[in-house]
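One file, entry-v1.pdb, is given below (PDB, C-alpha atoms and all ligand atoms).
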```
ATOM      1  CA  MET A   1      91.699  98.517  94.390
ATOM      2  CA  LYS A   2      88.333  96.927  95.087
ATOM      3  CA  ASN A   3      87.818  96.004  91.442
ATOM      4  CA  LEU A   4      91.317  94.597  90.942
ATOM      5  CA  PRO A   5      90.998  90.808  90.531
ATOM      6  CA  LYS A   6      92.459  89.007  93.530
ATOM      7  CA  VAL A   7      93.472  85.507  94.599
ATOM      8  CA  GLU A   8      93.204  84.588  98.283
ATOM      9  CA  LEU A   9      94.834  81.330  99.396
ATOM     10  CA  HIS A  10      94.715  81.707 103.186
ATOM     11  CA  LEU A  11      91.286  82.176 104.740
ATOM     12  CA  HIS A  12      89.738  80.297 107.660
ATOM     13  CA  LEU A  13      86.055  79.745 106.924
ATOM     14  CA  GLU A  14      84.918  80.095 110.536
ATOM     15  CA  GLY A  15      87.396  82.936 111.040
ATOM     16  CA  ALA A  16      85.724  84.821 108.195
ATOM     17  CA  ALA A  17      82.316  84.726 109.916
ATOM     18  CA  PRO A  18      81.017  88.262 110.450
ATOM     19  CA  PRO A  19      80.374  88.844 114.176
ATOM     20  CA  ALA A  20      76.754  89.839 113.430
ATOM     21  CA  PHE A  21      76.264  86.458 111.719
ATOM     22  CA  ILE A  22      77.594  84.569 114.775
ATOM     23  CA  ARG A  23      75.570  86.780 117.159
ATOM     24  CA  GLY A  24      72.451  86.042 115.116
ATOM     25  CA  LEU A  25      73.038  82.287 115.300
ATOM     26  CA  ALA A  26      73.745  82.485 119.042
ATOM     27  CA  LYS A  27      70.416  84.243 119.545
ATOM     28  CA  GLU A  28      68.548  81.702 117.385
ATOM     29  CA  LYS A  29      70.014  78.845 119.405
ATOM     30  CA  ASN A  30      69.988  80.405 122.842
ATOM     31  CA  ILE A  31      73.751  80.067 123.223
ATOM     32  CA  ASP A  32      75.289  82.679 125.523
ATOM     33  CA  ILE A  33      78.603  83.794 124.065
ATOM     34  CA  SER A  34      78.115  87.498 124.825
ATOM     35  CA  GLU A  35      81.587  87.612 126.454
ATOM     36  CA  ILE A  36      83.320  87.230 123.051
ATOM     37  CA  PHE A  37      81.905  90.520 121.716
ATOM     38  CA  ASP A  38      82.897  94.094 122.495
ATOM     39  CA  GLU A  39      80.503  97.024 122.971
ATOM     40  CA  ASN A  40      80.477  97.666 119.197
ATOM     41  CA  GLY A  41      79.530  94.081 118.435
ATOM     42  CA  GLY A  42      82.991  93.095 117.169
ATOM     43  CA  TYR A  43      85.034  90.131 118.418
ATOM     44  CA  LYS A  44      86.971  90.791 121.619
ATOM     45  CA  TYR A  45      90.189  89.035 122.711
ATOM     46  CA  ARG A  46      93.452  89.825 124.510
ATOM     47  CA  ASP A  47      96.104  87.948 122.556
ATOM     48  CA  PHE A  48      96.617  85.073 120.104
ATOM     49  CA  ASN A  49      95.784  82.248 122.513
ATOM     50  CA  HIS A  50      92.682  84.089 123.674
ATOM     51  CA  PHE A  51      91.816  84.692 119.987
ATOM     52  CA  LEU A  52      91.895  80.907 119.474
ATOM     53  CA  SER A  53      89.458  80.337 122.344
ATOM     54  CA  VAL A  54      87.128  83.146 121.206
ATOM     55  CA  TYR A  55      87.245  81.551 117.726
ATOM     56  CA  GLU A  56      86.256  78.185 119.208
ATOM     57  CA  ALA A  57      83.440  79.794 121.212
ATOM     58  CA  ALA A  58      82.103  81.398 118.001
ATOM     59  CA  CYS A  59      82.214  77.946 116.348
ATOM     60  CA  THR A  60      79.800  76.510 118.954
ATOM     61  CA  THR A  61      77.001  78.331 117.091
ATOM     62  CA  LEU A  62      77.838  76.468 113.849
ATOM     63  CA  THR A  63      75.924  73.380 114.861
ATOM     64  CA  GLY A  64      75.184  71.691 111.538
ATOM     65  CA  PRO A  65      75.510  71.635 107.736
ATOM     66  CA  GLU A  66      72.785  74.282 107.310
ATOM     67  CA  GLU A  67      74.785  76.774 109.425
ATOM     68  CA  PHE A  68      77.884  76.081 107.319
ATOM     69  CA  TYR A  69      75.875  76.552 104.113
ATOM     70  CA  ARG A  70      74.764  79.976 105.362
ATOM     71  CA  LEU A  71      78.287  80.826 106.515
ATOM     72  CA  THR A  72      79.901  79.819 103.211
ATOM     73  CA  LYS A  73      77.312  81.801 101.257
ATOM     74  CA  ALA A  74      77.928  84.925 103.375
ATOM     75  CA  VAL A  75      81.719  84.563 103.138
ATOM     76  CA  LEU A  76      81.628  84.077  99.368
ATOM     77  CA  GLU A  77      79.374  87.102  98.886
ATOM     78  CA  GLU A  78      81.984  89.187 100.711
ATOM     79  CA  SER A  79      84.882  87.612  98.741
ATOM     80  CA  THR A  80      83.102  88.351  95.469
ATOM     81  CA  GLU A  81      82.501  91.924  96.629
ATOM     82  CA  GLN A  82      86.221  92.232  97.368
ATOM     83  CA  GLY A  83      87.155  91.190  93.819
ATOM     84  CA  VAL A  84      88.425  87.728  94.788
ATOM     85  CA  ILE A  85      88.127  85.599  91.644
ATOM     86  CA  TYR A  86      89.624  82.461  93.202
ATOM     87  CA  GLY A  87      89.887  81.536  96.865
ATOM     88  CA  GLU A  88      90.857  78.645  99.082
ATOM     89  CA  THR A  89      89.433  78.154 102.539
ATOM     90  CA  PHE A  90      90.525  76.126 105.533
ATOM     91  CA  LEU A  91      87.868  73.729 106.840
ATOM     92  CA  SER A  92      88.199  71.750 110.038
ATOM     93  CA  PRO A  93      86.503  68.377 110.607
ATOM     94  CA  ASP A  94      86.893  69.281 114.303
ATOM     95  CA  PHE A  95      84.204  71.958 113.785
ATOM     96  CA  CYS A  96      82.219  69.964 111.169
ATOM     97  CA  GLY A  97      81.019  66.817 112.894
ATOM     98  CA  GLY A  98      84.015  66.272 115.207
ATOM     99  CA  GLY A  99      85.837  63.921 112.837
ATOM    100  CA  ASP A 100      82.834  61.684 112.108
ATOM    101  CA  LEU A 101      83.056  60.821 108.407
ATOM    102  CA  THR A 102      79.310  60.539 107.762
ATOM    103  CA  ALA A 103      78.670  63.920 109.359
ATOM    104  CA  TRP A 104      81.657  65.428 107.534
ATOM    105  CA  ARG A 105      80.214  64.337 104.170
ATOM    106  CA  GLU A 106      76.978  66.150 105.027
ATOM    107  CA  TYR A 107      78.830  69.307 106.010
ATOM    108  CA  MET A 108      80.906  69.122 102.812
ATOM    109  CA  ALA A 109      77.802  68.728 100.652
ATOM    110  CA  ALA A 110      76.322  71.890 102.216
ATOM    111  CA  ILE A 111      79.535  73.906 101.864
ATOM    112  CA  LYS A 112      80.040  72.719  98.290
ATOM    113  CA  GLU A 113      76.462  73.670  97.405
ATOM    114  CA  ALA A 114      77.224  77.268  98.432
ATOM    115  CA  ALA A 115      80.574  77.179  96.609
ATOM    116  CA  ASP A 116      78.997  75.826  93.414
ATOM    117  CA  ALA A 117      76.303  78.524  93.520
ATOM    118  CA  SER A 118      78.974  81.226  93.788
ATOM    119  CA  ALA A 119      80.915  79.824  90.820
ATOM    120  CA  THR A 120      77.762  79.479  88.702
ATOM    121  CA  ALA A 121      76.785  83.078  89.434
ATOM    122  CA  GLY A 122      80.202  84.329  88.299
ATOM    123  CA  GLY A 123      81.412  84.980  91.859
ATOM    124  CA  THR A 124      84.470  83.698  93.726
ATOM    125  CA  ILE A 125      85.539  80.163  92.808
ATOM    126  CA  LEU A 126      86.332  78.266  96.016
ATOM    127  CA  ARG A 127      88.381  75.198  96.965
ATOM    128  CA  GLY A 128      88.719  73.635 100.424
ATOM    129  CA  ILE A 129      91.799  72.742 102.460
ATOM    130  CA  VAL A 130      91.115  70.303 105.300
ATOM    131  CA  THR A 131      92.842  71.575 108.410
ATOM    132  CA  PRO A 132      93.100  69.810 111.754
ATOM    133  CA  ILE A 133      93.730  72.022 114.774
ATOM    134  CA  ARG A 134      97.264  71.555 116.089
ATOM    135  CA  HIS A 135      96.454  72.097 119.761
ATOM    136  CA  PHE A 136      93.778  69.397 119.620
ATOM    137  CA  GLY A 137      96.731  66.993 119.207
ATOM    138  CA  PRO A 138      97.995  64.389 116.707
ATOM    139  CA  GLU A 139      95.344  61.806 117.658
ATOM    140  CA  ALA A 140      92.481  64.181 116.787
ATOM    141  CA  ALA A 141      94.252  64.929 113.507
ATOM    142  CA  LYS A 142      93.913  61.283 112.393
ATOM    143  CA  PRO A 143      90.120  61.214 111.894
ATOM    144  CA  ALA A 144      90.449  64.663 110.310
ATOM    145  CA  ALA A 145      92.970  63.283 107.822
ATOM    146  CA  MET A 146      90.681  60.333 107.175
ATOM    147  CA  CYS A 147      87.834  62.755 106.398
ATOM    148  CA  ALA A 148      90.156  64.606 104.025
ATOM    149  CA  ALA A 149      91.340  61.444 102.291
ATOM    150  CA  GLU A 150      87.767  60.182 101.840
ATOM    151  CA  THR A 151      86.476  63.403 100.289
ATOM    152  CA  VAL A 152      89.389  64.443  98.060
ATOM    153  CA  GLY A 153      87.928  65.664  94.776
ATOM    154  CA  ASP A 154      87.031  68.745  92.817
ATOM    155  CA  PHE A 155      86.293  70.761  95.987
ATOM    156  CA  ILE A 156      88.578  69.308  98.670
ATOM    157  CA  THR A 157      92.028  69.650  97.134
ATOM    158  CA  GLY A 158      94.375  70.432 100.027
ATOM    159  CA  PHE A 159      95.407  69.531 103.554
ATOM    160  CA  GLY A 160      96.974  71.781 106.176
ATOM    161  CA  ILE A 161      97.255  72.453 109.887
ATOM    162  CA  ALA A 162      96.310  75.508 111.968
ATOM    163  CA  GLY A 163      95.978  76.398 115.644
ATOM    164  CA  ALA A 164      98.595  77.067 118.319
ATOM    165  CA  GLU A 165     101.962  76.786 116.620
ATOM    166  CA  ASP A 166     103.776  75.745 119.806
ATOM    167  CA  ALA A 167     101.570  72.661 120.334
ATOM    168  CA  GLY A 168     103.908  69.760 119.562
ATOM    169  CA  GLU A 169     106.410  69.400 116.742
ATOM    170  CA  PRO A 170     105.874  69.000 112.990
ATOM    171  CA  ARG A 171     107.035  65.346 113.127
ATOM    172  CA  ASP A 172     104.068  64.571 115.441
ATOM    173  CA  PHE A 173     101.860  65.262 112.419
ATOM    174  CA  ALA A 174     104.018  63.564 109.754
ATOM    175  CA  TYR A 175     101.726  60.524 109.810
ATOM    176  CA  VAL A 176      98.599  62.514 108.909
ATOM    177  CA  PHE A 177     100.413  64.561 106.283
ATOM    178  CA  ASP A 178     101.714  61.315 104.718
ATOM    179  CA  MET A 179      98.157  60.037 104.673
ATOM    180  CA  ALA A 180      96.871  63.210 103.004
ATOM    181  CA  ARG A 181      99.684  63.171 100.428
ATOM    182  CA  GLU A 182      98.946  59.526  99.595
ATOM    183  CA  ALA A 183      95.302  60.482  99.025
ATOM    184  CA  GLY A 184      96.392  63.033  96.422
ATOM    185  CA  LEU A 185      95.945  66.196  98.464
ATOM    186  CA  GLU A 186      98.299  69.145  98.136
ATOM    187  CA  LEU A 187      99.891  70.365 101.343
ATOM    188  CA  THR A 188     100.395  73.538 103.355
ATOM    189  CA  ALA A 189     101.047  74.168 107.068
ATOM    190  CA  HIS A 190     100.910  77.164 109.378
ATOM    191  CA  ALA A 191     104.526  77.764 110.459
ATOM    192  CA  GLY A 192     106.712  80.775 111.081
ATOM    193  CA  GLU A 193     103.886  82.966 112.340
ATOM    194  CA  TRP A 194     104.848  82.577 116.020
ATOM    195  CA  ARG A 195     107.891  80.288 115.917
ATOM    196  CA  GLY A 196     111.146  81.039 114.124
ATOM    197  CA  PRO A 197     113.241  79.656 111.255
ATOM    198  CA  ASP A 198     113.990  76.275 112.927
ATOM    199  CA  HIS A 199     110.302  75.500 113.059
ATOM    200  CA  ILE A 200     109.952  76.378 109.383
ATOM    201  CA  ARG A 201     112.871  74.084 108.494
ATOM    202  CA  ASP A 202     111.350  71.238 110.564
ATOM    203  CA  THR A 203     107.982  71.773 108.868
ATOM    204  CA  LEU A 204     109.493  71.637 105.376
ATOM    205  CA  ARG A 205     111.524  68.534 106.222
ATOM    206  CA  ASP A 206     108.887  66.558 108.135
ATOM    207  CA  LEU A 207     105.654  67.567 106.416
ATOM    208  CA  LYS A 208     106.955  68.214 102.859
ATOM    209  CA  VAL A 209     104.541  71.044 102.149
ATOM    210  CA  SER A 210     104.567  73.149  98.980
ATOM    211  CA  ARG A 211     103.278  76.252 100.801
ATOM    212  CA  LEU A 212     103.585  77.723 104.281
ATOM    213  CA  GLY A 213     100.808  79.505 106.166
ATOM    214  CA  HIS A 214     102.489  82.804 107.075
ATOM    215  CA  GLY A 215     106.145  81.649 107.122
ATOM    216  CA  VAL A 216     107.110  85.270 107.670
ATOM    217  CA  ARG A 217     109.630  84.619 110.452
ATOM    218  CA  ALA A 218     111.853  82.998 107.822
ATOM    219  CA  ALA A 219     112.972  86.611 107.372
ATOM    220  CA  GLU A 220     115.168  86.173 110.453
ATOM    221  CA  ASP A 221     117.414  83.689 108.605
ATOM    222  CA  PRO A 222     118.897  84.896 105.294
ATOM    223  CA  ALA A 223     119.994  81.355 104.323
ATOM    224  CA  LEU A 224     116.407  80.141 104.758
ATOM    225  CA  VAL A 225     115.111  83.059 102.687
ATOM    226  CA  GLU A 226     117.467  81.963  99.914
ATOM    227  CA  GLU A 227     116.329  78.344 100.210
ATOM    228  CA  LEU A 228     112.678  79.407  99.958
ATOM    229  CA  ALA A 229     113.435  81.462  96.858
ATOM    230  CA  GLU A 230     115.237  78.510  95.266
ATOM    231  CA  SER A 231     112.633  75.873  96.136
ATOM    232  CA  GLY A 232     109.650  78.039  95.139
ATOM    233  CA  VAL A 233     107.797  77.240  98.376
ATOM    234  CA  MET A 234     105.083  79.884  98.583
ATOM    235  CA  LEU A 235     104.394  81.949 101.685
ATOM    236  CA  GLU A 236     100.699  82.619 102.293
ATOM    237  CA  VAL A 237     101.265  86.054 103.809
ATOM    238  CA  CYS A 238      98.580  87.822 105.835
ATOM    239  CA  PRO A 239     100.112  91.224 106.624
ATOM    240  CA  GLY A 240      97.105  92.742 108.418
ATOM    241  CA  SER A 241      96.731  89.650 110.614
ATOM    242  CA  ASN A 242     100.427  89.781 111.556
ATOM    243  CA  VAL A 243     100.228  93.446 112.518
ATOM    244  CA  PHE A 244      96.911  93.125 114.360
ATOM    245  CA  LEU A 245      98.150  90.137 116.403
ATOM    246  CA  GLY A 246     101.480  91.826 117.112
ATOM    247  CA  VAL A 247     103.897  89.620 115.136
ATOM    248  CA  TYR A 248     105.092  92.994 113.799
ATOM    249  CA  GLU A 249     104.417  96.329 115.392
ATOM    250  CA  LYS A 250     103.595  98.065 112.117
ATOM    251  CA  LEU A 251     103.370  97.244 108.428
ATOM    252  CA  THR A 252     106.642  99.048 107.657
ATOM    253  CA  ASP A 253     108.374  96.382 109.839
ATOM    254  CA  HIS A 254     106.779  93.530 107.855
ATOM    255  CA  PRO A 255     109.121  91.475 105.627
ATOM    256  CA  ILE A 256     106.686  90.895 102.711
ATOM    257  CA  ASN A 257     108.424  93.384 100.446
ATOM    258  CA  MET A 258     111.868  91.955 101.262
ATOM    259  CA  PHE A 259     110.597  88.476 100.337
ATOM    260  CA  VAL A 260     109.477  89.726  96.927
ATOM    261  CA  GLU A 261     112.809  91.461  96.355
ATOM    262  CA  LYS A 262     114.674  88.237  97.263
ATOM    263  CA  GLY A 263     112.572  86.173  94.869
ATOM    264  CA  VAL A 264     110.460  84.336  97.453
ATOM    265  CA  LYS A 265     106.980  83.590  96.146
ATOM    266  CA  VAL A 266     104.285  85.275  98.236
ATOM    267  CA  SER A 267     100.517  85.556  98.122
ATOM    268  CA  VAL A 268      98.341  88.035 100.029
ATOM    269  CA  SER A 269      95.413  87.003 102.238
ATOM    270  CA  THR A 270      93.312  88.155 105.183
ATOM    271  CA  ASP A 271      93.401  85.019 107.445
ATOM    272  CA  ASP A 272      90.350  85.843 109.639
ATOM    273  CA  PRO A 273      89.201  89.226 108.300
ATOM    274  CA  PRO A 274      86.553  90.363 110.827
ATOM    275  CA  PHE A 275      88.818  89.361 113.727
ATOM    276  CA  PHE A 276      91.577  91.601 112.360
ATOM    277  CA  HIS A 277      89.342  94.390 111.015
ATOM    278  CA  THR A 278      90.584  93.886 107.474
ATOM    279  CA  THR A 279      89.443  93.076 103.941
ATOM    280  CA  MET A 280      91.328  92.062 100.797
ATOM    281  CA  THR A 281      90.898  95.589  99.433
ATOM    282  CA  ARG A 282      92.313  97.071 102.630
ATOM    283  CA  GLU A 283      95.328  94.721 102.487
ATOM    284  CA  TYR A 284      96.028  95.840  98.908
ATOM    285  CA  GLU A 285      95.605  99.511  99.762
ATOM    286  CA  ASP A 286      97.973  99.194 102.729
ATOM    287  CA  LEU A 287     100.627  97.394 100.644
ATOM    288  CA  ALA A 288     100.304 100.041  97.931
ATOM    289  CA  SER A 289     100.685 102.943 100.352
ATOM    290  CA  THR A 290     103.411 101.340 102.509
ATOM    291  CA  PHE A 291     105.593  99.616  99.905
ATOM    292  CA  GLY A 292     104.510 101.321  96.701
ATOM    293  CA  TRP A 293     103.051  98.148  95.222
ATOM    294  CA  ASP A 294     101.379  98.915  91.898
ATOM    295  CA  GLU A 295      98.875  97.010  89.777
ATOM    296  CA  GLU A 296     101.638  95.138  87.977
ATOM    297  CA  ARG A 297     103.085  93.923  91.301
ATOM    298  CA  PHE A 298      99.635  92.749  92.434
ATOM    299  CA  GLN A 299      99.083  91.044  89.087
ATOM    300  CA  ASN A 300     102.384  89.165  89.417
ATOM    301  CA  VAL A 301     101.636  88.157  93.008
ATOM    302  CA  ASN A 302      98.215  86.878  91.942
ATOM    303  CA  ILE A 303      99.592  84.932  88.975
ATOM    304  CA  ASP A 304     102.183  83.363  91.323
ATOM    305  CA  SER A 305      99.332  82.555  93.713
ATOM    306  CA  MET A 306      97.424  80.747  90.963
ATOM    307  CA  GLN A 307     100.584  78.821  90.023
ATOM    308  CA  ALA A 308     100.699  77.579  93.632
ATOM    309  CA  ALA A 309      96.919  77.131  93.961
ATOM    310  CA  PHE A 310      95.514  73.732  94.878
ATOM    311  CA  CYS A 311      93.317  73.386  91.803
ATOM    312  CA  ASP A 312      93.069  71.603  88.471
ATOM    313  CA  ALA A 313      94.902  72.820  85.368
ATOM    314  CA  ALA A 314      91.778  74.161  83.646
ATOM    315  CA  THR A 315      90.832  76.377  86.614
ATOM    316  CA  ARG A 316      94.434  77.551  86.973
ATOM    317  CA  GLU A 317      94.606  78.516  83.298
ATOM    318  CA  ALA A 318      91.228  80.253  83.316
ATOM    319  CA  MET A 319      92.141  82.307  86.391
ATOM    320  CA  ILE A 320      95.566  83.293  85.026
ATOM    321  CA  LYS A 321      93.892  84.358  81.791
ATOM    322  CA  LYS A 322      91.491  86.545  83.780
ATOM    323  CA  LEU A 323      94.342  88.082  85.757
ATOM    324  CA  LYS A 324      96.246  88.872  82.554
ATOM    325  CA  GLU A 325      93.219  90.538  80.962
ATOM    326  CA  THR A 326      93.263  93.340  83.549
TER
HETATM  327  N1  LIG A 401      93.368  79.727 113.094
HETATM  328  C1  LIG A 401      92.739  80.804 112.665
HETATM  329  N2  LIG A 401      93.621  81.803 112.414
HETATM  330  C2  LIG A 401      94.842  81.319 112.704
HETATM  331  C3  LIG A 401      96.150  81.849 112.639
HETATM  332  N3  LIG A 401      96.397  83.096 112.253
HETATM  333  N4  LIG A 401      97.164  81.055 113.033
HETATM  334  C4  LIG A 401      96.917  79.799 113.440
HETATM  335  N5  LIG A 401      95.718  79.258 113.505
HETATM  336  C5  LIG A 401      94.675  80.003 113.138
HETATM  337 ZN    ZN A 402      95.757  81.198 109.274
END
```

Written form, structure tokens:
Amino acid sequence: MKNLPKVELHLHLEGAAPPAFIRGLAKEKNIDISEIFDENGGYKYRDFNHFLSVYEAACTTLTGPEEFYRLTKAVLEESTEQGVIYGETFLSPDFCGGGDLTAWREYMAAIKEAADASATAGGTILRGIVTPIRHFGPEAAKPAAMCAAETVGDFITGFGIAGAEDAGEPRDFAYVFDMAREAGLELTAHAGEWRGPDHIRDTLRDLKVSRLGHGVRAAEDPALVEELAESGVMLEVCPGSNVFLGVYEKLTDHPINMFVEKGVKVSVSTDDPPFFHTTMTREYEDLASTFGWDEERFQNVNIDSMQAAFCDAATREAMIKKLKET
């Protein structure tokens, strides 16, 4: 499974930071965040909301572009190791200069330098999705959207939203999504991880996204499942994350296989791998052993993922060609 070529569309850059990397930075900078680690050195949290605050505490060690260069390099080395040929990562201006455009450009230059080096060396090809944090509120999302609009290009290709799903309503963020769309960015939004089908419907109507982060709770509404299949809206599914955080008790309860059977487009990702003790290879192995997914199923899922990827036509074609060769 490790060598199978993979496409990962849903990965939070800071959430992919190995705990040892964050501990090392904390030590370098004399920042005391020892309470976020367990006795084995892993991240420690009680539930989803506590996860979000542990995540933010870890981010306090990422103090400048140099730290993000090192982080991106480490994350891409791991992605390459996992067989990921193409990936997209969420980036938050909130953690990269606090919404200041000049600072954001510096952070982006550093992150892109690491991404370009990976591509040149034949490793994972990476694109960035600018993602304000929902629980920081709609006002904080405006400078984030401005940063996104000002840096749209061959690296920044998408716009999304993450964070606590119950913080406000999708329409509160319609303004920033309109702004991002006008700037030429492609759109996704976390929805249907914690809230149900109504929230997914509101997100599709008010934010007009072509993909949903998670979206798995659409499974509770058969009419919505049918609508997703018809519209081709892709679900960025992170099965291990959902099970680890308790959205589903066990993988056998997870609707990913039902979605495929009903014709809903899905992709497979890790979300925040060290937080959920997972890797892309582990996700594939678990889907193979639980639902009998074979190499052909993975190939189809990855080709669908590239069709929905936020990239240029040449990259899309090259990646699909690679996927078909294996
Ligand atoms: N930020 C990082 N991981 C997240 C998740 N699974 N849901 C919402 N926001 C997140
Ligand atoms: Zn996520």

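Using the PyMOL selection byres (((chain A and resi 296) around 12) and not hetatm) on this structure selects Leu4, Pro5, Ala288, Gly292, Trp293, Asp294, Glu295, Arg297, Phe298, Gln299, Asn300, Val301, Asn302, Ile303, Leu323, Lys324, Glu325 and Thr326 of chain A.
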
Quick one: contact table of chain A to ligand ZN 402 (chain A), 7 Å max, nearest atom pair and distance in Å to one decimal per residue, counting only C-alpha atoms and all ligand atoms, chain and number order, as JSON lines?
```
{"residue": "A:His10", "atom": "CA", "partner": "A:ZN402", "partner_atom": "ZN", "distance": 6.2}
{"residue": "A:Leu11", "atom": "CA", "partner": "A:ZN402", "partner_atom": "ZN", "distance": 6.4}
{"residue": "A:His12", "atom": "CA", "partner": "A:ZN402", "partner_atom": "ZN", "distance": 6.3}
{"residue": "A:Ala162", "atom": "CA", "partner": "A:ZN402", "partner_atom": "ZN", "distance": 6.3}
{"residue": "A:His190", "atom": "CA", "partner": "A:ZN402", "partner_atom": "ZN", "distance": 6.5}
{"residue": "A:Gly213", "atom": "CA", "partner": "A:ZN402", "partner_atom": "ZN", "distance": 6.2}
{"residue": "A:Asp271", "atom": "CA", "partner": "A:ZN402", "partner_atom": "ZN", "distance": 4.8}
```

Next on the checklist: When you count all atoms listed in the file, which of these residues is closest to Ala74 of chain A: A:Gly153, A:Pro18, A:Pro274, A:Gly42?
Outcome noted: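 Using all atoms listed in the file, Ala74 of chain A sits closest to A:Pro18.
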
Dump as a Markdown table the rows for residues of chain A within 9 Å of ligand LIG 401 (chain A): closest atom pair and distance in Å with one decimal, all atoms listed in the file counted, ordered by chain and rising residue number.
```
| residue | atom | partner | partner_atom | distance |
| --- | --- | --- | --- | --- |
| A:Leu11 | CA | A:LIG401 | N2 | 8.0 |
| A:His12 | CA | A:LIG401 | C1 | 5.9 |
| A:Leu13 | CA | A:LIG401 | C1 | 8.9 |
| A:Glu14 | CA | A:LIG401 | C1 | 8.1 |
| A:Gly15 | CA | A:LIG401 | C1 | 6.0 |
| A:Phe48 | CA | A:LIG401 | N3 | 8.1 |
| A:Phe51 | CA | A:LIG401 | N2 | 8.3 |
| A:Leu52 | CA | A:LIG401 | N1 | 6.7 |
| A:Tyr55 | CA | A:LIG401 | C1 | 7.5 |
| A:Phe90 | CA | A:LIG401 | C1 | 8.8 |
| A:Ile133 | CA | A:LIG401 | N5 | 7.6 |
| A:Arg134 | CA | A:LIG401 | N5 | 8.3 |
| A:Ile161 | CA | A:LIG401 | N5 | 7.9 |
| A:Ala162 | CA | A:LIG401 | N5 | 4.1 |
| A:Gly163 | CA | A:LIG401 | N5 | 3.6 |
| A:Ala164 | CA | A:LIG401 | C4 | 5.8 |
| A:Glu165 | CA | A:LIG401 | C4 | 6.7 |
| A:His190 | CA | A:LIG401 | C4 | 6.3 |
| A:Ala191 | CA | A:LIG401 | C4 | 8.4 |
| A:Glu193 | CA | A:LIG401 | N4 | 7.0 |
| A:Trp194 | CA | A:LIG401 | N4 | 8.4 |
| A:Gly213 | CA | A:LIG401 | N4 | 7.9 |
| A:His214 | CA | A:LIG401 | N3 | 8.0 |
| A:Cys238 | CA | A:LIG401 | N3 | 8.3 |
| A:Ser241 | CA | A:LIG401 | N3 | 6.8 |
| A:Asn242 | CA | A:LIG401 | N3 | 7.8 |
| A:Leu245 | CA | A:LIG401 | N3 | 8.4 |
| A:Asp271 | CA | A:LIG401 | N2 | 5.9 |
| A:Asp272 | CA | A:LIG401 | N2 | 5.9 |
```

Using C-alpha atoms, can you export the residues from the last selection as an mmCIF file, keeping the file's coordinate frame?
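Writing done, so here's again_18.cif:
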```
data_model
loop_
_atom_site.group_PDB
_atom_site.id
_atom_site.type_symbol
_atom_site.label_atom_id
_atom_site.label_comp_id
_atom_site.auth_asym_id
_atom_site.auth_seq_id
_atom_site.Cartn_x
_atom_site.Cartn_y
_atom_site.Cartn_z
ATOM 1 C CA LEU A 11 91.286 82.176 104.740
ATOM 2 C CA HIS A 12 89.738 80.297 107.660
ATOM 3 C CA LEU A 13 86.055 79.745 106.924
ATOM 4 C CA GLU A 14 84.918 80.095 110.536
ATOM 5 C CA GLY A 15 87.396 82.936 111.040
ATOM 6 C CA PHE A 48 96.617 85.073 120.104
ATOM 7 C CA PHE A 51 91.816 84.692 119.987
ATOM 8 C CA LEU A 52 91.895 80.907 119.474
ATOM 9 C CA TYR A 55 87.245 81.551 117.726
ATOM 10 C CA PHE A 90 90.525 76.126 105.533
ATOM 11 C CA ILE A 133 93.730 72.022 114.774
ATOM 12 C CA ARG A 134 97.264 71.555 116.089
ATOM 13 C CA ILE A 161 97.255 72.453 109.887
ATOM 14 C CA ALA A 162 96.310 75.508 111.968
ATOM 15 C CA GLY A 163 95.978 76.398 115.644
ATOM 16 C CA ALA A 164 98.595 77.067 118.319
ATOM 17 C CA GLU A 165 101.962 76.786 116.620
ATOM 18 C CA HIS A 190 100.910 77.164 109.378
ATOM 19 C CA ALA A 191 104.526 77.764 110.459
ATOM 20 C CA GLU A 193 103.886 82.966 112.340
ATOM 21 C CA TRP A 194 104.848 82.577 116.020
ATOM 22 C CA GLY A 213 100.808 79.505 106.166
ATOM 23 C CA HIS A 214 102.489 82.804 107.075
ATOM 24 C CA CYS A 238 98.580 87.822 105.835
ATOM 25 C CA SER A 241 96.731 89.650 110.614
ATOM 26 C CA ASN A 242 100.427 89.781 111.556
ATOM 27 C CA LEU A 245 98.150 90.137 116.403
ATOM 28 C CA ASP A 271 93.401 85.019 107.445
ATOM 29 C CA ASP A 272 90.350 85.843 109.639
#
```

A straight line from atom CA of Arg70 of chain A to atom CA of Thr151 of chain A spans 20.9 Å

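Considering the residues A:Met146, A:Val237, A:Met1, A:Val130 and counting all atoms listed in the file, Val266 of chain A has its shortest atom-to-atom contact with A:Val237.
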
Give me, as a ChimeraX atom specification, all polymer residues having an atom no more than 12 Å from Leu91 of chain A, counting only C-alpha atoms and skipping those fewer than 2 positions away in the same chain. /A:10-16,59,68,71-72,88-89,93-99,104,107-108,111-112,126-133,144-145,147-148,155-162

| task | Measure the distance from atom CA of Pro222 of chain A to atom CA of Pro197 of chain A in Å and round it to one decimal. | result |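 Taking atom CA of Pro222 of chain A as the start and atom CA of Pro197 of chain A as the end point, the length is 9.7 Å.
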
Report task. Using the chain letters and residue numbers of this document, give as JSON, numbers by chain the residues selected by the PyMOL selection byres (((chain A and resi 239) around 10) and not hetatm). Result -> {"A": [214, 216, 236, 237, 238, 240, 241, 242, 243, 244, 247, 248, 250, 251, 254, 255, 256, 268, 269, 270, 271, 278, 283, 284, 286, 287]}

task: Take the PyMOL selection byres (((chain A and resi 22) around 12) and not hetatm), apply it to the structure above, and return the hits as a ChimeraX atom specification.
output: /A:14-21,23-34,36-37,41-43,54-63,67-68,70-71,74,274
